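Asks: First the structure, which I've put down as structure tokens, then a few questions once you've had a look.
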Amino acid sequence: MGCIAGILSKSEYVNNLVKANRKVVLSIAFLIMICFIYIPSKIILLGWIIQSIGTCMLILYILNSQQSKTIKALEYKPLSAMGKVSYGLYIYQGLFLTTGPQLEGPMFQKYPMNILLMLIFAITSYQYLEKPFLKLKSKIKSNH
């Protein structure tokens with residue numbers, strides 16, 4: 001769907017349609033994406049395809065709404081900082097957040113210690129692992 005959104009974003013007709021109906025596009029995309037939280041997958045066959053269409057609509061909304069308050073809110077510093085460490089949060093959440101039936105786990109998986117440690121690991125990982133690779137990536141691109 002990301003590729004389809006990329007192709008559609010090159011269409012002046014699609015972009016004008018999205019710009020003229022921003023609120024409708026955002027509302028439909030949001031409804032499509034969250035309805036699967038409440039509707040069992042057995043009821044809606046191939047629901048992941050429908051949900052992907054909602055994601056595609058959201059991508060087109062974002063591309064065509066750069067000056068909107070909704071998109072400007074994403075530039076809020078705490079959200080921006082969370083975005084920078086989001087990969088680390090994704091990677092380390094499996095270690096620090098427990099899921100499943102077990103009630104007792106190691107101390108580092110107990111709230112609030114698990115949240116604090118996950119944030120520390122994600123921030124440290126960004127600072128000392130991801131940033132050097134990002135710098136290396138920009139050096140490689142500038143040499144080509």
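Each chain in the structure tokens gets a letter, A, B, ..., in the order shown, and its residues are numbered from 1; ligands are numbered from 1 in order too.
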Name the residues of stretch 51-102 of chain A that fall into alpha helix (DSSP H) according to DSSP on the backbone, using the chain letters and numbers of this document, as a PDB file with N, CA and C atoms, in the first residue's frame.
Replies:
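Writing done, so here's selection.pdb:
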ATOM      1  N   GLN A  51      -7.695  -2.341   5.941  1.00  0.00           N
ATOM      2  CA  GLN A  51      -6.911  -1.516   6.855  1.00  0.00           C
ATOM      3  C   GLN A  51      -5.720  -0.875   6.124  1.00  0.00           C
ATOM      4  N   SER A  52      -5.129  -1.586   5.177  1.00  0.00           N
ATOM      5  CA  SER A  52      -4.039  -1.021   4.382  1.00  0.00           C
ATOM      6  C   SER A  52      -4.525   0.141   3.531  1.00  0.00           C
ATOM      7  N   ILE A  53      -5.748   0.054   3.044  1.00  0.00           N
ATOM      8  CA  ILE A  53      -6.325   1.169   2.280  1.00  0.00           C
ATOM      9  C   ILE A  53      -6.452   2.390   3.184  1.00  0.00           C
ATOM     10  N   GLY A  54      -6.855   2.183   4.437  1.00  0.00           N
ATOM     11  CA  GLY A  54      -6.910   3.286   5.397  1.00  0.00           C
ATOM     12  C   GLY A  54      -5.543   3.902   5.614  1.00  0.00           C
ATOM     13  N   THR A  55      -4.520   3.064   5.682  1.00  0.00           N
ATOM     14  CA  THR A  55      -3.151   3.554   5.840  1.00  0.00           C
ATOM     15  C   THR A  55      -2.724   4.353   4.614  1.00  0.00           C
ATOM     16  N   CYS A  56      -3.079   3.869   3.442  1.00  0.00           N
ATOM     17  CA  CYS A  56      -2.776   4.571   2.190  1.00  0.00           C
ATOM     18  C   CYS A  56      -3.437   5.954   2.196  1.00  0.00           C
ATOM     19  N   MET A  57      -4.700   6.005   2.626  1.00  0.00           N
ATOM     20  CA  MET A  57      -5.406   7.290   2.699  1.00  0.00           C
ATOM     21  C   MET A  57      -4.722   8.232   3.689  1.00  0.00           C
ATOM     22  N   LEU A  58      -4.261   7.683   4.806  1.00  0.00           N
ATOM     23  CA  LEU A  58      -3.571   8.498   5.798  1.00  0.00           C
ATOM     24  C   LEU A  58      -2.267   9.063   5.230  1.00  0.00           C
ATOM     25  N   ILE A  59      -1.524   8.257   4.494  1.00  0.00           N
ATOM     26  CA  ILE A  59      -0.282   8.723   3.865  1.00  0.00           C
ATOM     27  C   ILE A  59      -0.585   9.858   2.886  1.00  0.00           C
ATOM     28  N   LEU A  60      -1.620   9.699   2.078  1.00  0.00           N
ATOM     29  CA  LEU A  60      -1.995  10.749   1.123  1.00  0.00           C
ATOM     30  C   LEU A  60      -2.448  12.012   1.848  1.00  0.00           C
ATOM     31  N   TYR A  61      -3.159  11.840   2.960  1.00  0.00           N
ATOM     32  CA  TYR A  61      -3.569  13.003   3.761  1.00  0.00           C
ATOM     33  C   TYR A  61      -2.336  13.751   4.265  1.00  0.00           C
ATOM     34  N   ILE A  62      -1.392  13.007   4.829  1.00  0.00           N
ATOM     35  CA  ILE A  62      -0.186  13.642   5.374  1.00  0.00           C
ATOM     36  C   ILE A  62       0.594  14.370   4.280  1.00  0.00           C
ATOM     37  N   LEU A  63       0.749  13.736   3.129  1.00  0.00           N
ATOM     38  CA  LEU A  63       1.489  14.358   2.027  1.00  0.00           C
ATOM     39  C   LEU A  63       0.834  15.638   1.534  1.00  0.00           C
ATOM     40  N   LYS A  69      -2.837  21.964  11.040  1.00  0.00           N
ATOM     41  CA  LYS A  69      -2.526  21.900  12.466  1.00  0.00           C
ATOM     42  C   LYS A  69      -2.247  20.465  12.905  1.00  0.00           C
ATOM     43  N   THR A  70      -2.931  19.521  12.285  1.00  0.00           N
ATOM     44  CA  THR A  70      -2.732  18.110  12.626  1.00  0.00           C
ATOM     45  C   THR A  70      -1.288  17.697  12.370  1.00  0.00           C
ATOM     46  N   ILE A  71      -0.768  18.055  11.224  1.00  0.00           N
ATOM     47  CA  ILE A  71       0.605  17.682  10.869  1.00  0.00           C
ATOM     48  C   ILE A  71       1.602  18.518  11.662  1.00  0.00           C
ATOM     49  N   LYS A  72       1.313  19.792  11.858  1.00  0.00           N
ATOM     50  CA  LYS A  72       2.205  20.652  12.653  1.00  0.00           C
ATOM     51  C   LYS A  72       2.343  20.118  14.075  1.00  0.00           C
ATOM     52  N   ALA A  73       1.275  19.479  14.595  1.00  0.00           N
ATOM     53  CA  ALA A  73       1.331  18.908  15.945  1.00  0.00           C
ATOM     54  C   ALA A  73       2.389  17.825  16.037  1.00  0.00           C
ATOM     55  N   LYS A  77       8.007  19.019  20.084  1.00  0.00           N
ATOM     56  CA  LYS A  77       9.312  18.447  20.456  1.00  0.00           C
ATOM     57  C   LYS A  77       9.240  17.079  21.147  1.00  0.00           C
ATOM     58  N   PRO A  78       8.363  16.885  22.142  1.00  0.00           N
ATOM     59  CA  PRO A  78       8.326  15.546  22.753  1.00  0.00           C
ATOM     60  C   PRO A  78       7.929  14.446  21.758  1.00  0.00           C
ATOM     61  N   LEU A  79       7.012  14.739  20.840  1.00  0.00           N
ATOM     62  CA  LEU A  79       6.637  13.746  19.827  1.00  0.00           C
ATOM     63  C   LEU A  79       7.784  13.503  18.859  1.00  0.00           C
ATOM     64  N   SER A  80       8.473  14.567  18.495  1.00  0.00           N
ATOM     65  CA  SER A  80       9.613  14.445  17.589  1.00  0.00           C
ATOM     66  C   SER A  80      10.720  13.609  18.233  1.00  0.00           C
ATOM     67  N   ALA A  81      10.971  13.854  19.508  1.00  0.00           N
ATOM     68  CA  ALA A  81      11.994  13.085  20.231  1.00  0.00           C
ATOM     69  C   ALA A  81      11.586  11.617  20.325  1.00  0.00           C
ATOM     70  N   MET A  82      10.303  11.365  20.568  1.00  0.00           N
ATOM     71  CA  MET A  82       9.814   9.985  20.642  1.00  0.00           C
ATOM     72  C   MET A  82       9.992   9.307  19.288  1.00  0.00           C
ATOM     73  N   GLY A  83       9.788  10.050  18.223  1.00  0.00           N
ATOM     74  CA  GLY A  83       9.975   9.497  16.883  1.00  0.00           C
ATOM     75  C   GLY A  83      11.411   9.086  16.630  1.00  0.00           C
ATOM     76  N   LYS A  84      12.344   9.852  17.157  1.00  0.00           N
ATOM     77  CA  LYS A  84      13.762   9.526  16.956  1.00  0.00           C
ATOM     78  C   LYS A  84      14.152   8.229  17.645  1.00  0.00           C
ATOM     79  N   SER A  86      11.969   5.818  18.428  1.00  0.00           N
ATOM     80  CA  SER A  86      10.889   4.841  18.260  1.00  0.00           C
ATOM     81  C   SER A  86      11.395   3.463  17.821  1.00  0.00           C
ATOM     82  N   TYR A  87      12.438   3.427  17.013  1.00  0.00           N
ATOM     83  CA  TYR A  87      12.972   2.132  16.603  1.00  0.00           C
ATOM     84  C   TYR A  87      13.507   1.381  17.820  1.00  0.00           C
ATOM     85  N   GLY A  88      14.219   2.085  18.675  1.00  0.00           N
ATOM     86  CA  GLY A  88      14.725   1.465  19.897  1.00  0.00           C
ATOM     87  C   GLY A  88      13.586   1.012  20.803  1.00  0.00           C
ATOM     88  N   LEU A  89      12.538   1.817  20.912  1.00  0.00           N
ATOM     89  CA  LEU A  89      11.381   1.412  21.713  1.00  0.00           C
ATOM     90  C   LEU A  89      10.772   0.130  21.155  1.00  0.00           C
ATOM     91  N   TYR A  90      10.689   0.070  19.840  1.00  0.00           N
ATOM     92  CA  TYR A  90      10.148  -1.120  19.182  1.00  0.00           C
ATOM     93  C   TYR A  90      11.026  -2.339  19.469  1.00  0.00           C
ATOM     94  N   ILE A  91      12.327  -2.166  19.363  1.00  0.00           N
ATOM     95  CA  ILE A  91      13.254  -3.280  19.566  1.00  0.00           C
ATOM     96  C   ILE A  91      13.263  -3.746  21.024  1.00  0.00           C
ATOM     97  N   TYR A  92      13.325  -2.819  21.967  1.00  0.00           N
ATOM     98  CA  TYR A  92      13.515  -3.182  23.369  1.00  0.00           C
ATOM     99  C   TYR A  92      12.223  -3.469  24.120  1.00  0.00           C
ATOM    100  N   GLN A  93      11.074  -3.139  23.570  1.00  0.00           N
ATOM    101  CA  GLN A  93       9.829  -3.382  24.290  1.00  0.00           C
ATOM    102  C   GLN A  93       9.623  -4.870  24.566  1.00  0.00           C
ATOM    103  N   GLY A  94      10.092  -5.724  23.672  1.00  0.00           N
ATOM    104  CA  GLY A  94       9.953  -7.160  23.876  1.00  0.00           C
ATOM    105  C   GLY A  94      10.703  -7.659  25.101  1.00  0.00           C
ATOM    106  N   LEU A  95      11.773  -6.978  25.447  1.00  0.00           N
ATOM    107  CA  LEU A  95      12.569  -7.366  26.609  1.00  0.00           C
ATOM    108  C   LEU A  95      11.949  -6.850  27.908  1.00  0.00           C
ATOM    109  N   PHE A  96      11.388  -5.639  27.864  1.00  0.00           N
ATOM    110  CA  PHE A  96      10.945  -4.995  29.101  1.00  0.00           C
ATOM    111  C   PHE A  96       9.448  -5.078  29.387  1.00  0.00           C
TER     112      PHE A  96
END
Asks: Using atom CA of A:Ile7 and atom CA of A:Phe30 as the two end points, give the distance in Å to one decimal.
Replies: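 Atom-to-atom, atom CA of A:Ile7 and atom CA of A:Phe30 are spaced 21.3 Å apart.
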Asks: Of the residues A:Ile115, A:Ile50, A:Glu130, A:Gly2, which is the one nearest to A:Ala29, using only C-alpha atoms?
Replies: A:Ile50
